[in-house]
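Student: Input coords19.cif, format and content: mmCIF, C-alpha atoms.
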```
data_query
#
loop_
_atom_site.label_atom_id
_atom_site.label_comp_id
_atom_site.auth_asym_id
_atom_site.auth_seq_id
_atom_site.Cartn_x
_atom_site.Cartn_y
_atom_site.Cartn_z
CA MET I 1 114.34 49.00 90.19
CA SER I 2 115.34 51.87 92.44
CA VAL I 3 118.06 54.40 92.93
CA ALA I 4 119.25 55.00 96.49
CA PHE I 5 119.60 58.52 97.81
CA SER I 6 122.73 58.42 99.91
CA ALA I 7 122.07 61.64 101.82
CA ALA I 8 118.41 61.13 102.62
CA LYS I 9 118.60 57.34 103.00
CA LYS I 10 115.46 57.00 100.89
CA VAL I 11 114.69 54.97 97.83
CA LEU I 12 113.51 56.69 94.67
CA PRO I 13 111.72 54.56 92.07
CA ILE I 14 113.14 54.79 88.55
CA ALA I 15 109.63 55.60 87.30
CA ALA I 16 109.77 58.82 89.33
CA PHE I 17 112.09 60.27 86.70
CA TYR I 18 109.32 59.92 84.12
CA GLU I 19 105.96 60.01 85.92
CA SER I 20 104.75 62.72 88.29
CA ARG I 21 102.41 60.30 90.09
CA CYS I 22 105.46 58.80 91.80
CA GLY I 23 105.80 61.75 94.11
CA VAL I 24 108.63 63.75 92.57
CA THR I 25 107.65 67.39 92.64
CA VAL I 26 109.00 70.70 91.46
CA ASN I 27 109.82 73.36 94.02
CA SER I 28 107.16 75.80 92.87
CA LEU I 29 108.30 78.55 95.19
CA ALA I 30 111.83 78.40 93.79
CA GLU I 31 110.35 78.54 90.29
CA LEU I 32 108.32 81.64 91.18
CA THR I 33 111.31 83.47 92.65
CA THR I 34 113.18 83.06 89.36
CA ASP I 35 110.25 83.57 86.99
CA SER I 36 111.08 85.61 83.89
CA ASN I 37 108.04 87.87 84.44
CA HIS I 38 108.88 90.61 86.94
CA ARG I 39 105.23 90.91 88.01
CA VAL I 40 105.19 87.26 89.07
CA ARG I 41 108.37 87.76 91.08
CA GLU I 42 107.01 90.91 92.69
CA ARG I 43 103.74 89.23 93.70
CA CYS I 44 105.69 86.27 95.06
CA CYS I 45 107.88 88.62 97.08
CA LYS I 46 104.83 90.40 98.50
CA MET I 47 103.23 87.07 99.38
CA LEU I 48 106.37 85.90 101.18
CA SER I 49 106.62 89.24 102.96
CA TYR I 50 103.07 88.84 104.19
CA PHE I 51 103.73 85.30 105.37
CA MET I 52 106.91 86.33 107.19
CA VAL I 53 105.29 89.28 108.95
CA CYS I 54 101.57 88.61 109.38
CA LEU I 55 100.85 84.89 109.68
CA PRO I 56 99.80 83.93 113.22
CA ASP I 57 102.13 80.90 113.16
CA ARG I 58 104.86 82.66 111.15
CA TYR I 59 107.63 81.45 113.48
CA ASP I 60 107.07 77.92 112.22
CA HIS I 61 107.75 79.08 108.66
CA HIS I 62 110.53 81.66 109.00
CA GLN I 63 113.35 79.19 108.41
CA ARG I 64 111.66 77.73 105.35
CA LEU I 65 110.66 81.01 103.72
CA LEU I 66 113.61 83.25 104.59
CA PRO I 67 116.02 82.02 101.87
CA TYR I 68 113.40 82.67 99.20
CA LEU I 69 112.75 86.17 100.51
CA LEU I 70 116.48 86.93 100.72
CA SER I 71 116.92 85.77 97.13
CA PHE I 72 114.86 88.78 96.03
CA TYR I 73 117.65 91.08 97.25
CA GLN I 74 119.33 90.53 93.88
CA ASP I 75 116.18 90.92 91.78
CA HIS I 76 116.40 93.11 88.68
CA MET I 77 113.41 95.19 89.77
CA ARG I 78 114.13 97.81 92.40
CA SER I 79 110.60 97.66 93.86
CA THR I 80 110.94 93.91 94.46
CA ARG I 81 114.31 94.38 96.16
CA GLU I 82 112.88 97.12 98.36
CA ASN I 83 109.87 94.97 99.33
CA ALA I 84 112.13 92.12 100.40
CA ILE I 85 114.45 94.39 102.39
CA ALA I 86 111.48 96.09 104.08
CA ALA I 87 110.00 92.72 105.07
CA VAL I 88 113.24 91.51 106.68
CA ASP I 89 113.64 94.89 108.36
CA TYR I 90 110.13 94.57 109.78
CA CYS I 91 110.93 91.06 111.02
CA GLY I 92 113.93 92.67 112.71
CA LYS I 93 111.67 95.20 114.42
CA GLN I 94 109.45 92.36 115.60
CA TYR I 95 112.52 90.53 116.90
CA GLU I 96 113.63 93.62 118.82
CA ALA I 97 110.16 94.01 120.36
CA GLU I 98 110.06 90.34 121.38
CA HIS I 99 113.66 90.18 122.74
CA PRO I 100 114.17 93.56 124.42
CA ASP I 101 116.69 92.31 127.00
CA GLU I 102 119.02 90.87 124.37
CA ILE I 103 118.82 94.06 122.30
CA ILE I 104 119.48 96.31 125.31
CA ASP I 105 122.46 94.20 126.41
CA ARG I 106 124.03 94.26 122.97
CA ARG I 107 123.56 98.00 122.60
CA GLN I 108 124.67 98.91 126.12
CA TYR I 109 127.74 96.70 126.18
CA GLY I 110 128.66 97.24 122.56
CA VAL I 111 128.51 93.53 121.77
CA ASP I 112 127.56 94.10 118.18
CA GLY I 113 130.05 92.83 115.67
CA ASP I 114 133.61 91.66 115.99
CA SER I 115 136.25 94.35 116.43
CA HIS I 116 137.98 93.06 113.27
CA CYS I 117 134.91 93.76 111.11
CA ASN I 118 135.32 96.69 108.77
CA LEU I 119 132.00 98.35 109.45
CA ASP I 120 132.98 101.47 107.51
CA ALA I 121 133.47 99.63 104.22
CA ARG I 122 131.12 100.29 101.35
CA LEU I 123 128.34 97.71 101.26
CA PRO I 124 127.36 95.80 98.12
CA SER I 125 124.06 96.47 96.40
CA PRO I 126 121.25 96.61 97.45
CA PHE I 127 122.47 97.57 100.94
CA GLU I 128 122.89 101.25 101.65
CA THR I 129 123.52 100.89 105.38
CA ARG I 130 124.28 98.08 107.77
CA PRO I 131 121.06 96.17 108.55
CA ARG I 132 119.45 96.98 111.89
CA LEU I 133 120.46 94.87 114.88
CA GLY I 134 117.12 93.06 115.13
CA ALA I 135 117.23 92.10 111.45
CA ARG I 136 120.76 90.75 111.80
CA LEU I 137 119.80 88.69 114.84
CA PHE I 138 116.64 87.48 113.11
CA VAL I 139 118.50 86.28 110.02
CA ARG I 140 121.30 84.74 112.09
CA GLY I 141 118.80 82.78 114.12
CA ASN I 142 117.17 81.32 111.03
CA THR I 143 120.20 80.66 108.84
CA LYS I 144 121.43 77.37 110.29
CA ARG I 145 118.56 75.33 108.92
CA PHE I 146 119.28 76.12 105.26
CA PHE I 147 122.98 77.01 105.32
CA ALA I 148 124.20 73.47 104.62
CA ALA I 149 121.85 73.21 101.63
CA LEU I 150 123.10 76.57 100.39
CA LEU I 151 126.70 75.37 100.57
CA GLY I 152 125.71 72.28 98.61
CA GLU I 153 124.17 74.41 95.87
CA LEU I 154 127.37 76.43 95.55
CA THR I 155 128.87 73.42 93.80
CA SER I 156 125.83 72.49 91.73
CA TRP I 157 126.42 71.43 88.14
CA VAL I 158 123.84 74.06 87.07
CA SER I 159 125.64 77.39 86.70
CA LYS I 160 122.51 79.46 87.40
CA THR I 161 122.01 77.63 90.69
CA ARG I 162 125.63 78.30 91.66
CA GLU I 163 125.23 81.97 90.80
CA ARG I 164 122.04 82.41 92.83
CA SER I 165 123.58 80.53 95.76
CA ALA I 166 126.61 82.82 95.71
CA GLU I 167 124.32 85.86 95.70
CA LEU I 168 122.38 84.50 98.66
CA LEU I 169 125.62 83.78 100.50
CA LYS I 170 126.72 87.38 99.93
CA THR I 171 123.47 88.59 101.48
CA LEU I 172 123.91 86.25 104.44
CA VAL I 173 127.43 87.57 105.03
CA LEU I 174 125.99 91.05 105.54
CA TYR I 175 123.44 89.81 108.05
CA CYS I 176 125.41 87.12 109.85
CA GLU I 177 128.79 88.87 109.71
CA GLU I 178 131.45 87.07 111.76
CA HIS I 179 128.98 84.41 112.89
CA LEU I 180 129.39 82.62 109.56
CA THR I 181 132.97 81.78 110.50
CA MET I 182 131.70 79.11 112.90
CA ASP I 183 131.17 76.81 109.90
CA PHE I 184 133.99 78.21 107.81
CA HIS I 185 135.76 74.86 107.65
CA GLN I 186 132.78 73.72 105.56
CA THR I 187 132.25 76.99 103.72
CA LEU I 188 135.76 77.57 102.38
CA PRO I 189 136.17 74.27 100.46
CA ARG I 190 132.76 74.80 98.84
CA LEU I 191 133.70 78.34 97.84
CA VAL I 192 136.96 77.12 96.33
CA LYS I 193 135.16 74.39 94.40
CA ALA I 194 132.52 76.86 93.19
CA LEU I 195 135.25 79.18 91.92
CA GLN I 196 136.95 76.30 90.15
CA LEU I 197 133.66 75.34 88.49
CA ALA I 198 133.06 78.95 87.44
CA ARG I 199 136.48 79.13 85.78
CA SER I 200 136.23 75.80 83.98
#
```
Would you mind writing the file out in structure tokens?
Tutor:
Amino acid sequence: MSVAFSAAKKVLPIAAFYESRCGVTVNSLAELTTDSNHRVRERCCKMLSYFMVCLPDRYDHHQRLLPYLLSFYQDHMRSTRENAIAAVDYCGKQYEAEHPDEIIDRRQYGVDGDSHCNLDARLPSPFETRPRLGARLFVRGNTKRFFAALLGELTSWVSKTRERSAELLKTLVLYCEEHLTMDFHQTLPRLVKALQLARS
């Protein structure tokens, strides 16, 4: 017997629900980012920071690792939050060094945020200032790959998953700013459904 996955168009054997040999695995990285031990989370954050910044083929992994690194922005430990922010900031510096023409154009012509954005508003924790331009462009460029999955998790039946997804979305809003409105026709219904689930 088998159960069909409608989204992935794959077939999952019933035995996979009971036996690990059937190929069903746990997302170990997601487990580490939510571990109850703060030392485990901090080491995981440092490992991800290293991968994002120092790996020779890091560009192949940015889109896969970025959501996990951004999830540490809401960690209970200040040092872990600061490590994650510093890593993304460093990726932003690398982006600026690798795309100098784009950075110069945006700075010279003032093409940096929609005129309707309230850039003077107080930012949510852990942000103290608006992220640097390179960091915003870096995150924007890597968000599309996981944004649809994030929207799907906003309406998960697991409340903790919904909560963490909402926190990640809040972080993405600060980096992507008005660029998230391109998919707002998909985002808004998911947000409404997530709010309805939270109230029920």
Student: At most 10 Å is the cut-off: for each residue in range 54-106 of chain I with any atom that close to an atom of range 26-36 of chain I, write down the nearest atom pair and the distance in Å rounded to one decimal, counting all atoms listed in the file, chain first then increasing number, as a tab-separated table.
Tutor:
```
residue	atom	partner	partner_atom	distance
I:Leu65	CA	I:Leu29	CA	9.2
I:Pro67	CA	I:Ala30	CA	9.8
I:Tyr68	CA	I:Thr33	CA	6.9
I:Leu69	CA	I:Thr33	CA	8.4
I:Ser71	CA	I:Thr33	CA	7.5
I:Phe72	CA	I:Thr33	CA	7.2
I:Asp75	CA	I:Thr34	CA	8.8
```
Student: In Å, with one decimal, what is the gap from CA of Asp89 in chain I to CA of Phe184 in chain I?
Tutor: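 Going from CA of Asp89 in chain I over to CA of Phe184 in chain I covers 26.3 Å.
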Student: Can you spell out as a ChimeraX atom specification the set of residues that the PyMOL selection byres ((chain I and resi 131) around 10) selects in the structure I just provided?
Tutor: /I:85,88-89,92,127-130,132-137,174-175
Student: Grab the CA of Ala148 in chain I to CA of Lys46 in chain I distance for me, in Å with one decimal place.
Tutor: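 Taking CA of Ala148 in chain I as the start and CA of Lys46 in chain I as the end point, the length is 26.4 Å.
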Student: Just give me the gap between CA of Arg39 in chain I and CA of Arg162 in chain I in Å, one decimal is fine.
Tutor: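 Those two atoms sit 24.3 Å apart.
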Student: For this structure, which residues satisfy the selection - the PyMOL selection byres ((chain I and resi 143) around 9) - when it is evaluated on the file as given? I want them as a short mmCIF file (atom, residue, chain, number, x, y, z; two decimals) with C-alpha atoms, keeping the file's coordinate frame.
Tutor:
```
data_model
loop_
_atom_site.label_atom_id
_atom_site.label_comp_id
_atom_site.auth_asym_id
_atom_site.auth_seq_id
_atom_site.Cartn_x
_atom_site.Cartn_y
_atom_site.Cartn_z
CA GLN I 63 113.35 79.19 108.41
CA LEU I 66 113.61 83.25 104.59
CA PRO I 67 116.02 82.02 101.87
CA PHE I 138 116.64 87.48 113.11
CA VAL I 139 118.50 86.28 110.02
CA ARG I 140 121.30 84.74 112.09
CA GLY I 141 118.80 82.78 114.12
CA ASN I 142 117.17 81.32 111.03
CA LYS I 144 121.43 77.37 110.29
CA ARG I 145 118.56 75.33 108.92
CA PHE I 146 119.28 76.12 105.26
CA PHE I 147 122.98 77.01 105.32
CA LEU I 172 123.91 86.25 104.44
CA CYS I 176 125.41 87.12 109.85
#
```
Student: Here's the selection I'm unsure about, the PyMOL selection byres ((chain I and resi 80) around 9); applied to the file above, which residues does it give, as a ChimeraX atom specification?
Tutor: /I:38,41-43,45-46,72-73,75-79,81-85
Student: Counting all atoms listed in the file, which of I:Leu154, I:Ser165, I:Met52, I:Ser125 gets nearest to Tyr95 in chain I?
Tutor: I:Met52
Student: With only C-alpha atoms counted, which protein, DNA or RNA residues have an atom no more than 12 Å from (135.0, 79.4, 93.1) in the file frame? Please answer as a PyMOL selection string.
Tutor: chain I and resi 151+154-156+159+162-163+165-166+187-200
Student: Model the absent atoms of range 116-152 of chain I so that N, CA and C atoms are present, and write the result as a PDB file, in the coordinates of the input.
Tutor:
```pdb
ATOM      1  N   HIS I 116     137.224  93.163 114.527  1.00  0.00           N
ATOM      2  CA  HIS I 116     137.980  93.060 113.270  1.00  0.00           C
ATOM      3  C   HIS I 116     137.116  93.354 112.043  1.00  0.00           C
ATOM      4  N   CYS I 117     135.802  93.469 112.239  1.00  0.00           N
ATOM      5  CA  CYS I 117     134.910  93.760 111.110  1.00  0.00           C
ATOM      6  C   CYS I 117     135.129  95.190 110.634  1.00  0.00           C
ATOM      7  N   ASN I 118     135.186  95.352 109.342  1.00  0.00           N
ATOM      8  CA  ASN I 118     135.320  96.690 108.770  1.00  0.00           C
ATOM      9  C   ASN I 118     133.924  97.245 108.519  1.00  0.00           C
ATOM     10  N   LEU I 119     133.370  97.870 109.539  1.00  0.00           N
ATOM     11  CA  LEU I 119     132.000  98.350 109.450  1.00  0.00           C
ATOM     12  C   LEU I 119     131.877  99.642 108.646  1.00  0.00           C
ATOM     13  N   ASP I 120     133.013 100.239 108.300  1.00  0.00           N
ATOM     14  CA  ASP I 120     132.980 101.470 107.510  1.00  0.00           C
ATOM     15  C   ASP I 120     133.102 101.208 106.013  1.00  0.00           C
ATOM     16  N   ALA I 121     133.311  99.961 105.644  1.00  0.00           N
ATOM     17  CA  ALA I 121     133.470  99.630 104.220  1.00  0.00           C
ATOM     18  C   ALA I 121     132.165  99.841 103.475  1.00  0.00           C
ATOM     19  N   ARG I 122     132.292 100.115 102.198  1.00  0.00           N
ATOM     20  CA  ARG I 122     131.120 100.290 101.350  1.00  0.00           C
ATOM     21  C   ARG I 122     130.420  98.942 101.185  1.00  0.00           C
ATOM     22  N   LEU I 123     129.110  98.948 101.331  1.00  0.00           N
ATOM     23  CA  LEU I 123     128.340  97.710 101.260  1.00  0.00           C
ATOM     24  C   LEU I 123     127.911  97.422  99.830  1.00  0.00           C
ATOM     25  N   PRO I 124     127.810  96.138  99.480  1.00  0.00           N
ATOM     26  CA  PRO I 124     127.360  95.800  98.120  1.00  0.00           C
ATOM     27  C   PRO I 124     125.869  96.091  97.950  1.00  0.00           C
ATOM     28  N   SER I 125     125.474  96.252  96.722  1.00  0.00           N
ATOM     29  CA  SER I 125     124.060  96.470  96.400  1.00  0.00           C
ATOM     30  C   SER I 125     123.257  95.246  96.840  1.00  0.00           C
ATOM     31  N   PRO I 126     122.075  95.411  97.351  1.00  0.00           N
ATOM     32  CA  PRO I 126     121.250  96.610  97.450  1.00  0.00           C
ATOM     33  C   PRO I 126     121.363  97.329  98.798  1.00  0.00           C
ATOM     34  N   PHE I 127     122.356  96.985  99.605  1.00  0.00           N
ATOM     35  CA  PHE I 127     122.470  97.570 100.940  1.00  0.00           C
ATOM     36  C   PHE I 127     123.042  98.980 100.867  1.00  0.00           C
ATOM     37  N   GLU I 128     122.383  99.887 101.545  1.00  0.00           N
ATOM     38  CA  GLU I 128     122.890 101.250 101.650  1.00  0.00           C
ATOM     39  C   GLU I 128     123.516 101.488 103.016  1.00  0.00           C
ATOM     40  N   THR I 129     122.974 100.816 104.023  1.00  0.00           N
ATOM     41  CA  THR I 129     123.520 100.890 105.380  1.00  0.00           C
ATOM     42  C   THR I 129     123.554  99.486 105.969  1.00  0.00           C
ATOM     43  N   ARG I 130     124.250  99.359 107.063  1.00  0.00           N
ATOM     44  CA  ARG I 130     124.280  98.080 107.770  1.00  0.00           C
ATOM     45  C   ARG I 130     122.873  97.757 108.267  1.00  0.00           C
ATOM     46  N   PRO I 131     122.414  96.518 108.084  1.00  0.00           N
ATOM     47  CA  PRO I 131     121.060  96.170 108.550  1.00  0.00           C
ATOM     48  C   PRO I 131     120.914  96.399 110.053  1.00  0.00           C
ATOM     49  N   ARG I 132     119.708  96.726 110.470  1.00  0.00           N
ATOM     50  CA  ARG I 132     119.450  96.980 111.890  1.00  0.00           C
ATOM     51  C   ARG I 132     119.773  95.741 112.716  1.00  0.00           C
ATOM     52  N   LEU I 133     120.049  95.951 113.985  1.00  0.00           N
ATOM     53  CA  LEU I 133     120.460  94.870 114.880  1.00  0.00           C
ATOM     54  C   LEU I 133     119.431  93.744 114.922  1.00  0.00           C
ATOM     55  N   GLY I 134     118.163  94.086 115.062  1.00  0.00           N
ATOM     56  CA  GLY I 134     117.120  93.060 115.130  1.00  0.00           C
ATOM     57  C   GLY I 134     117.066  92.212 113.874  1.00  0.00           C
ATOM     58  N   ALA I 135     117.250  92.846 112.718  1.00  0.00           N
ATOM     59  CA  ALA I 135     117.230  92.100 111.450  1.00  0.00           C
ATOM     60  C   ALA I 135     118.420  91.161 111.368  1.00  0.00           C
ATOM     61  N   ARG I 136     119.579  91.621 111.826  1.00  0.00           N
ATOM     62  CA  ARG I 136     120.760  90.750 111.800  1.00  0.00           C
ATOM     63  C   ARG I 136     120.566  89.546 112.719  1.00  0.00           C
ATOM     64  N   LEU I 137     120.034  89.787 113.901  1.00  0.00           N
ATOM     65  CA  LEU I 137     119.800  88.690 114.840  1.00  0.00           C
ATOM     66  C   LEU I 137     118.724  87.736 114.313  1.00  0.00           C
ATOM     67  N   PHE I 138     117.708  88.296 113.678  1.00  0.00           N
ATOM     68  CA  PHE I 138     116.640  87.480 113.110  1.00  0.00           C
ATOM     69  C   PHE I 138     117.178  86.550 112.027  1.00  0.00           C
ATOM     70  N   VAL I 139     117.952  87.100 111.109  1.00  0.00           N
ATOM     71  CA  VAL I 139     118.500  86.280 110.020  1.00  0.00           C
ATOM     72  C   VAL I 139     119.479  85.257 110.561  1.00  0.00           C
ATOM     73  N   ARG I 140     120.345  85.681 111.489  1.00  0.00           N
ATOM     74  CA  ARG I 140     121.300  84.740 112.090  1.00  0.00           C
ATOM     75  C   ARG I 140     120.597  83.548 112.718  1.00  0.00           C
ATOM     76  N   GLY I 141     119.523  83.835 113.422  1.00  0.00           N
ATOM     77  CA  GLY I 141     118.800  82.780 114.120  1.00  0.00           C
ATOM     78  C   GLY I 141     118.103  81.795 113.206  1.00  0.00           C
ATOM     79  N   ASN I 142     117.893  82.189 111.962  1.00  0.00           N
ATOM     80  CA  ASN I 142     117.170  81.320 111.030  1.00  0.00           C
ATOM     81  C   ASN I 142     118.033  80.762 109.912  1.00  0.00           C
ATOM     82  N   THR I 143     119.317  81.062 109.941  1.00  0.00           N
ATOM     83  CA  THR I 143     120.200  80.660 108.840  1.00  0.00           C
ATOM     84  C   THR I 143     120.653  79.209 108.936  1.00  0.00           C
ATOM     85  N   LYS I 144     120.838  78.709 110.141  1.00  0.00           N
ATOM     86  CA  LYS I 144     121.430  77.370 110.290  1.00  0.00           C
ATOM     87  C   LYS I 144     120.668  76.287 109.550  1.00  0.00           C
ATOM     88  N   ARG I 145     119.367  76.403 109.512  1.00  0.00           N
ATOM     89  CA  ARG I 145     118.560  75.330 108.920  1.00  0.00           C
ATOM     90  C   ARG I 145     118.838  75.158 107.424  1.00  0.00           C
ATOM     91  N   PHE I 146     119.102  76.248 106.711  1.00  0.00           N
ATOM     92  CA  PHE I 146     119.280  76.120 105.260  1.00  0.00           C
ATOM     93  C   PHE I 146     120.720  76.362 104.804  1.00  0.00           C
ATOM     94  N   PHE I 147     121.625  76.657 105.726  1.00  0.00           N
ATOM     95  CA  PHE I 147     122.980  77.010 105.320  1.00  0.00           C
ATOM     96  C   PHE I 147     123.717  75.835 104.672  1.00  0.00           C
ATOM     97  N   ALA I 148     123.535  74.639 105.204  1.00  0.00           N
ATOM     98  CA  ALA I 148     124.200  73.470 104.620  1.00  0.00           C
ATOM     99  C   ALA I 148     123.711  73.217 103.194  1.00  0.00           C
ATOM    100  N   ALA I 149     122.406  73.384 102.985  1.00  0.00           N
ATOM    101  CA  ALA I 149     121.850  73.210 101.630  1.00  0.00           C
ATOM    102  C   ALA I 149     122.401  74.273 100.688  1.00  0.00           C
ATOM    103  N   LEU I 150     122.543  75.483 101.200  1.00  0.00           N
ATOM    104  CA  LEU I 150     123.100  76.570 100.390  1.00  0.00           C
ATOM    105  C   LEU I 150     124.529  76.246  99.964  1.00  0.00           C
ATOM    106  N   LEU I 151     125.323  75.738 100.902  1.00  0.00           N
ATOM    107  CA  LEU I 151     126.700  75.370 100.570  1.00  0.00           C
ATOM    108  C   LEU I 151     126.729  74.272  99.510  1.00  0.00           C
ATOM    109  N   GLY I 152     125.790  73.342  99.610  1.00  0.00           N
ATOM    110  CA  GLY I 152     125.710  72.280  98.610  1.00  0.00           C
ATOM    111  C   GLY I 152     125.398  72.823  97.224  1.00  0.00           C
TER     112      GLY I 152
END
```
